Amino acid sequence: MGLGTLLVVLFSDPMVGVLSSLGNRLHIPPFYVSFILAPIVSNGSEVIAAYAYAAKKTEKTMTISVATLVGSSAMNNTFCLGIFLFLVGAQKLKWVFTAETLSILMVEVAILVIIFLCRRTQKFYVAIIIGLLFPLSI
């Protein structure tokens, strides 16, 4: 775990630099770079694994694919929100992110409810519903 943390520390700053440079060169606003491009890049392994499962086109592998993506996004959102809240408290920062935080939490709760309701097998419409929840969190 220590090695993984060290690798993240070493490679996170260059990745931020590359994404910032890419956004500047393509004239993409920083908001879209940070909320759309960065999560896709940082979760690249999960996206590739989910695509590999989905390419097999069986009910079981599609369910694994969606579960992989939902699990990684819920874990990342919860982890980042926890770090964010810790920093706000530790640094005594002014709290001006109530709407953003609540929208993320509501989307996470909605996804949990959807997953629990479709516990056995996740159908294509479930993936569409989950995908449509993303813009609500922005």
# chains A, B, ... in the order shown; residues from 1 in each chain; ligands from 1

$ closest_atom_pairs --of "region 30-94 of chain A" --to "region 114-131 of chain A" --cutoff "12 Å" --atoms "only C-alpha atoms" --output "JSON lines"
{"residue": "A:Ala54", "atom": "CA", "partner": "A:Phe124", "partner_atom": "CA", "distance": 11.1}
{"residue": "A:Lys57", "atom": "CA", "partner": "A:Phe124", "partner_atom": "CA", "distance": 11.4}
{"residue": "A:Thr58", "atom": "CA", "partner": "A:Lys123", "partner_atom": "CA", "distance": 11.2}
{"residue": "A:Glu59", "atom": "CA", "partner": "A:Thr121", "partner_atom": "CA", "distance": 7.6}
{"residue": "A:Lys60", "atom": "CA", "partner": "A:Thr121", "partner_atom": "CA", "distance": 7.8}
{"residue": "A:Thr61", "atom": "CA", "partner": "A:Gln122", "partner_atom": "CA", "distance": 10.3}
{"residue": "A:Met62", "atom": "CA", "partner": "A:Gln122", "partner_atom": "CA", "distance": 7.8}
{"residue": "A:Thr63", "atom": "CA", "partner": "A:Gln122", "partner_atom": "CA", "distance": 5.4}
{"residue": "A:Ile64", "atom": "CA", "partner": "A:Gln122", "partner_atom": "CA", "distance": 8.9}
{"residue": "A:Ser65", "atom": "CA", "partner": "A:Gln122", "partner_atom": "CA", "distance": 9.7}
{"residue": "A:Val66", "atom": "CA", "partner": "A:Ala127", "partner_atom": "CA", "distance": 6.8}
{"residue": "A:Ala67", "atom": "CA", "partner": "A:Gln122", "partner_atom": "CA", "distance": 8.3}
{"residue": "A:Thr68", "atom": "CA", "partner": "A:Ala127", "partner_atom": "CA", "distance": 11.8}
{"residue": "A:Leu69", "atom": "CA", "partner": "A:Ala127", "partner_atom": "CA", "distance": 9.9}
{"residue": "A:Val70", "atom": "CA", "partner": "A:Ile130", "partner_atom": "CA", "distance": 8.4}
{"residue": "A:Gly71", "atom": "CA", "partner": "A:Ile115", "partner_atom": "CA", "distance": 10.2}
{"residue": "A:Ser73", "atom": "CA", "partner": "A:Ile130", "partner_atom": "CA", "distance": 11.0}
{"residue": "A:Ala74", "atom": "CA", "partner": "A:Ile115", "partner_atom": "CA", "distance": 11.6}

$ residues_around --residues "region 29-32 of chain A" --least-positions-apart "5" --cutoff "10 Å" --atoms "only C-alpha atoms" --output "list of chain:residue names"
A:Leu19, A:Ser20, A:Gly23, A:Asn24, A:Leu37, A:Ala38, A:Ile138

$ closest_residue --among "A:Val18, A:Val8, A:Leu85, A:Leu3" --to "Thr98 (chain A)" --atoms "only C-alpha atoms"
A:Leu85

$ select_by_dssp --residues "chain A" --states "alpha helix (DSSP H)" --output "ChimeraX atom specification"
/A:2-25,30-32,38-42,44-55,59-91,98-117,124-137

$ residues_around --residues "Val16 (chain A)" --least-positions-apart "4" --cutoff "10 Å" --atoms "only C-alpha atoms" --output "count of residues only"
8

$ atom_distance --atom1 "CA of Ala90 (chain A)" --atom2 "CA of Ser103 (chain A)"
22.9 Å

$ atom_distance --atom1 "CA of Val41 (chain A)" --atom2 "CA of Trp95 (chain A)"
28.5 Å

$ closest_residue --among "A:Thr5, A:Ser42, A:Ser72, A:Asn77" --to "Met106 (chain A)" --atoms "only C-alpha atoms"
A:Asn77

$ decode --residues "region 74-123 of chain A" --atoms "N, CA and C atoms" --output "PDB file, in the first residue's frame"
ATOM      1  N   ALA A  74     -18.403   5.298  -6.950  1.00  0.00           N
ATOM      2  CA  ALA A  74     -18.887   5.541  -5.588  1.00  0.00           C
ATOM      3  C   ALA A  74     -17.715   5.618  -4.611  1.00  0.00           C
ATOM      4  N   MET A  75     -16.746   4.733  -4.778  1.00  0.00           N
ATOM      5  CA  MET A  75     -15.575   4.742  -3.902  1.00  0.00           C
ATOM      6  C   MET A  75     -14.779   6.044  -4.076  1.00  0.00           C
ATOM      7  N   ASN A  76     -14.546   6.444  -5.329  1.00  0.00           N
ATOM      8  CA  ASN A  76     -13.787   7.666  -5.578  1.00  0.00           C
ATOM      9  C   ASN A  76     -14.516   8.897  -5.062  1.00  0.00           C
ATOM     10  N   ASN A  77     -15.822   8.978  -5.308  1.00  0.00           N
ATOM     11  CA  ASN A  77     -16.585  10.132  -4.829  1.00  0.00           C
ATOM     12  C   ASN A  77     -16.576  10.212  -3.312  1.00  0.00           C
ATOM     13  N   THR A  78     -16.780   9.090  -2.658  1.00  0.00           N
ATOM     14  CA  THR A  78     -16.806   9.077  -1.201  1.00  0.00           C
ATOM     15  C   THR A  78     -15.435   9.416  -0.633  1.00  0.00           C
ATOM     16  N   PHE A  79     -14.390   8.843  -1.210  1.00  0.00           N
ATOM     17  CA  PHE A  79     -13.027   9.097  -0.748  1.00  0.00           C
ATOM     18  C   PHE A  79     -12.654  10.566  -0.929  1.00  0.00           C
ATOM     19  N   CYS A  80     -12.914  11.109  -2.114  1.00  0.00           N
ATOM     20  CA  CYS A  80     -12.571  12.508  -2.389  1.00  0.00           C
ATOM     21  C   CYS A  80     -13.395  13.465  -1.543  1.00  0.00           C
ATOM     22  N   LEU A  81     -14.666  13.144  -1.338  1.00  0.00           N
ATOM     23  CA  LEU A  81     -15.498  13.985  -0.486  1.00  0.00           C
ATOM     24  C   LEU A  81     -14.983  13.974   0.946  1.00  0.00           C
ATOM     25  N   GLY A  82     -14.560  12.811   1.419  1.00  0.00           N
ATOM     26  CA  GLY A  82     -13.993  12.730   2.770  1.00  0.00           C
ATOM     27  C   GLY A  82     -12.729  13.570   2.907  1.00  0.00           C
ATOM     28  N   ILE A  83     -11.850  13.489   1.910  1.00  0.00           N
ATOM     29  CA  ILE A  83     -10.627  14.298   1.933  1.00  0.00           C
ATOM     30  C   ILE A  83     -10.973  15.784   1.894  1.00  0.00           C
ATOM     31  N   PHE A  84     -11.919  16.119   1.027  1.00  0.00           N
ATOM     32  CA  PHE A  84     -12.342  17.510   0.905  1.00  0.00           C
ATOM     33  C   PHE A  84     -12.888  18.039   2.227  1.00  0.00           C
ATOM     34  N   LEU A  85     -13.769  17.277   2.866  1.00  0.00           N
ATOM     35  CA  LEU A  85     -14.342  17.716   4.138  1.00  0.00           C
ATOM     36  C   LEU A  85     -13.280  17.805   5.232  1.00  0.00           C
ATOM     37  N   PHE A  86     -12.321  16.874   5.216  1.00  0.00           N
ATOM     38  CA  PHE A  86     -11.222  16.934   6.182  1.00  0.00           C
ATOM     39  C   PHE A  86     -10.407  18.215   5.985  1.00  0.00           C
ATOM     40  N   LEU A  87     -10.090  18.542   4.742  1.00  0.00           N
ATOM     41  CA  LEU A  87      -9.307  19.748   4.470  1.00  0.00           C
ATOM     42  C   LEU A  87     -10.061  21.016   4.859  1.00  0.00           C
ATOM     43  N   VAL A  88     -11.347  21.037   4.595  1.00  0.00           N
ATOM     44  CA  VAL A  88     -12.151  22.202   4.988  1.00  0.00           C
ATOM     45  C   VAL A  88     -12.104  22.377   6.501  1.00  0.00           C
ATOM     46  N   GLY A  89     -12.256  21.276   7.235  1.00  0.00           N
ATOM     47  CA  GLY A  89     -12.220  21.365   8.694  1.00  0.00           C
ATOM     48  C   GLY A  89     -10.840  21.662   9.236  1.00  0.00           C
ATOM     49  N   ALA A  90      -9.826  21.006   8.692  1.00  0.00           N
ATOM     50  CA  ALA A  90      -8.456  21.166   9.205  1.00  0.00           C
ATOM     51  C   ALA A  90      -7.885  22.545   8.891  1.00  0.00           C
ATOM     52  N   GLN A  91      -8.188  23.060   7.703  1.00  0.00           N
ATOM     53  CA  GLN A  91      -7.637  24.358   7.296  1.00  0.00           C
ATOM     54  C   GLN A  91      -8.556  25.525   7.654  1.00  0.00           C
ATOM     55  N   LYS A  92      -9.714  25.198   8.256  1.00  0.00           N
ATOM     56  CA  LYS A  92     -10.708  26.208   8.628  1.00  0.00           C
ATOM     57  C   LYS A  92     -11.085  27.076   7.424  1.00  0.00           C
ATOM     58  N   LEU A  93     -11.349  26.393   6.307  1.00  0.00           N
ATOM     59  CA  LEU A  93     -11.744  27.095   5.089  1.00  0.00           C
ATOM     60  C   LEU A  93     -13.206  27.510   5.166  1.00  0.00           C
ATOM     61  N   LYS A  94     -13.540  28.552   4.444  1.00  0.00           N
ATOM     62  CA  LYS A  94     -14.920  29.007   4.400  1.00  0.00           C
ATOM     63  C   LYS A  94     -15.741  27.986   3.614  1.00  0.00           C
ATOM     64  N   TRP A  95     -16.872  27.584   4.154  1.00  0.00           N
ATOM     65  CA  TRP A  95     -17.711  26.576   3.514  1.00  0.00           C
ATOM     66  C   TRP A  95     -18.668  27.271   2.545  1.00  0.00           C
ATOM     67  N   VAL A  96     -18.433  27.056   1.240  1.00  0.00           N
ATOM     68  CA  VAL A  96     -19.302  27.648   0.215  1.00  0.00           C
ATOM     69  C   VAL A  96     -19.717  26.586  -0.811  1.00  0.00           C
ATOM     70  N   PHE A  97     -19.642  25.318  -0.438  1.00  0.00           N
ATOM     71  CA  PHE A  97     -19.892  24.239  -1.387  1.00  0.00           C
ATOM     72  C   PHE A  97     -21.082  23.361  -0.994  1.00  0.00           C
ATOM     73  N   THR A  98     -22.045  23.923  -0.313  1.00  0.00           N
ATOM     74  CA  THR A  98     -23.171  23.124   0.164  1.00  0.00           C
ATOM     75  C   THR A  98     -23.944  22.493  -0.987  1.00  0.00           C
ATOM     76  N   ALA A  99     -24.278  23.267  -2.004  1.00  0.00           N
ATOM     77  CA  ALA A  99     -25.066  22.740  -3.128  1.00  0.00           C
ATOM     78  C   ALA A  99     -24.310  21.645  -3.864  1.00  0.00           C
ATOM     79  N   GLU A 100     -23.017  21.852  -4.116  1.00  0.00           N
ATOM     80  CA  GLU A 100     -22.221  20.866  -4.834  1.00  0.00           C
ATOM     81  C   GLU A 100     -22.107  19.569  -4.049  1.00  0.00           C
ATOM     82  N   THR A 101     -21.847  19.693  -2.756  1.00  0.00           N
ATOM     83  CA  THR A 101     -21.702  18.513  -1.914  1.00  0.00           C
ATOM     84  C   THR A 101     -23.010  17.737  -1.821  1.00  0.00           C
ATOM     85  N   LEU A 102     -24.106  18.447  -1.623  1.00  0.00           N
ATOM     86  CA  LEU A 102     -25.400  17.781  -1.527  1.00  0.00           C
ATOM     87  C   LEU A 102     -25.794  17.109  -2.838  1.00  0.00           C
ATOM     88  N   SER A 103     -25.459  17.731  -3.966  1.00  0.00           N
ATOM     89  CA  SER A 103     -25.806  17.102  -5.250  1.00  0.00           C
ATOM     90  C   SER A 103     -25.016  15.811  -5.453  1.00  0.00           C
ATOM     91  N   ILE A 104     -23.757  15.795  -5.068  1.00  0.00           N
ATOM     92  CA  ILE A 104     -22.956  14.574  -5.178  1.00  0.00           C
ATOM     93  C   ILE A 104     -23.516  13.487  -4.268  1.00  0.00           C
ATOM     94  N   LEU A 105     -23.839  13.855  -3.035  1.00  0.00           N
ATOM     95  CA  LEU A 105     -24.391  12.873  -2.097  1.00  0.00           C
ATOM     96  C   LEU A 105     -25.735  12.331  -2.580  1.00  0.00           C
ATOM     97  N   MET A 106     -26.588  13.196  -3.125  1.00  0.00           N
ATOM     98  CA  MET A 106     -27.889  12.735  -3.614  1.00  0.00           C
ATOM     99  C   MET A 106     -27.729  11.766  -4.790  1.00  0.00           C
ATOM    100  N   VAL A 107     -26.787  12.050  -5.676  1.00  0.00           N
ATOM    101  CA  VAL A 107     -26.546  11.139  -6.799  1.00  0.00           C
ATOM    102  C   VAL A 107     -26.012   9.804  -6.291  1.00  0.00           C
ATOM    103  N   GLU A 108     -25.105   9.830  -5.329  1.00  0.00           N
ATOM    104  CA  GLU A 108     -24.588   8.577  -4.768  1.00  0.00           C
ATOM    105  C   GLU A 108     -25.695   7.757  -4.108  1.00  0.00           C
ATOM    106  N   VAL A 109     -26.557   8.411  -3.364  1.00  0.00           N
ATOM    107  CA  VAL A 109     -27.666   7.703  -2.719  1.00  0.00           C
ATOM    108  C   VAL A 109     -28.621   7.144  -3.769  1.00  0.00           C
ATOM    109  N   ALA A 110     -28.898   7.921  -4.816  1.00  0.00           N
ATOM    110  CA  ALA A 110     -29.777   7.441  -5.890  1.00  0.00           C
ATOM    111  C   ALA A 110     -29.186   6.210  -6.569  1.00  0.00           C
ATOM    112  N   ILE A 111     -27.882   6.215  -6.804  1.00  0.00           N
ATOM    113  CA  ILE A 111     -27.233   5.056  -7.429  1.00  0.00           C
ATOM    114  C   ILE A 111     -27.305   3.850  -6.501  1.00  0.00           C
ATOM    115  N   LEU A 112     -27.089   4.051  -5.209  1.00  0.00           N
ATOM    116  CA  LEU A 112     -27.201   2.940  -4.254  1.00  0.00           C
ATOM    117  C   LEU A 112     -28.610   2.349  -4.263  1.00  0.00           C
ATOM    118  N   VAL A 113     -29.618   3.205  -4.299  1.00  0.00           N
ATOM    119  CA  VAL A 113     -31.005   2.723  -4.329  1.00  0.00           C
ATOM    120  C   VAL A 113     -31.251   1.927  -5.611  1.00  0.00           C
ATOM    121  N   ILE A 114     -30.772   2.447  -6.739  1.00  0.00           N
ATOM    122  CA  ILE A 114     -30.951   1.740  -8.017  1.00  0.00           C
ATOM    123  C   ILE A 114     -30.268   0.383  -7.975  1.00  0.00           C
ATOM    124  N   ILE A 115     -29.060   0.331  -7.462  1.00  0.00           N
ATOM    125  CA  ILE A 115     -28.320  -0.931  -7.401  1.00  0.00           C
ATOM    126  C   ILE A 115     -29.022  -1.928  -6.480  1.00  0.00           C
ATOM    127  N   PHE A 116     -29.524  -1.464  -5.340  1.00  0.00           N
ATOM    128  CA  PHE A 116     -30.217  -2.378  -4.434  1.00  0.00           C
ATOM    129  C   PHE A 116     -31.531  -2.877  -5.018  1.00  0.00           C
ATOM    130  N   LEU A 117     -32.204  -2.033  -5.796  1.00  0.00           N
ATOM    131  CA  LEU A 117     -33.451  -2.468  -6.420  1.00  0.00           C
ATOM    132  C   LEU A 117     -33.200  -3.473  -7.543  1.00  0.00           C
ATOM    133  N   CYS A 118     -32.075  -3.345  -8.214  1.00  0.00           N
ATOM    134  CA  CYS A 118     -31.726  -4.247  -9.321  1.00  0.00           C
ATOM    135  C   CYS A 118     -30.578  -5.142  -8.892  1.00  0.00           C
ATOM    136  N   ARG A 119     -30.687  -5.712  -7.739  1.00  0.00           N
ATOM    137  CA  ARG A 119     -29.583  -6.431  -7.114  1.00  0.00           C
ATOM    138  C   ARG A 119     -29.109  -7.631  -7.931  1.00  0.00           C
ATOM    139  N   ARG A 120     -30.002  -8.387  -8.505  1.00  0.00           N
ATOM    140  CA  ARG A 120     -29.628  -9.640  -9.137  1.00  0.00           C
ATOM    141  C   ARG A 120     -28.906  -9.433 -10.473  1.00  0.00           C
ATOM    142  N   THR A 121     -29.556  -8.756 -11.388  1.00  0.00           N
ATOM    143  CA  THR A 121     -28.967  -8.516 -12.706  1.00  0.00           C
ATOM    144  C   THR A 121     -29.230  -7.075 -13.106  1.00  0.00           C
ATOM    145  N   GLN A 122     -28.205  -6.423 -13.571  1.00  0.00           N
ATOM    146  CA  GLN A 122     -28.352  -5.038 -14.006  1.00  0.00           C
ATOM    147  C   GLN A 122     -28.602  -5.020 -15.507  1.00  0.00           C
ATOM    148  N   LYS A 123     -29.684  -4.412 -15.894  1.00  0.00           N
ATOM    149  CA  LYS A 123     -30.070  -4.338 -17.301  1.00  0.00           C
ATOM    150  C   LYS A 123     -29.502  -3.068 -17.922  1.00  0.00           C
TER     151      LYS A 123
END
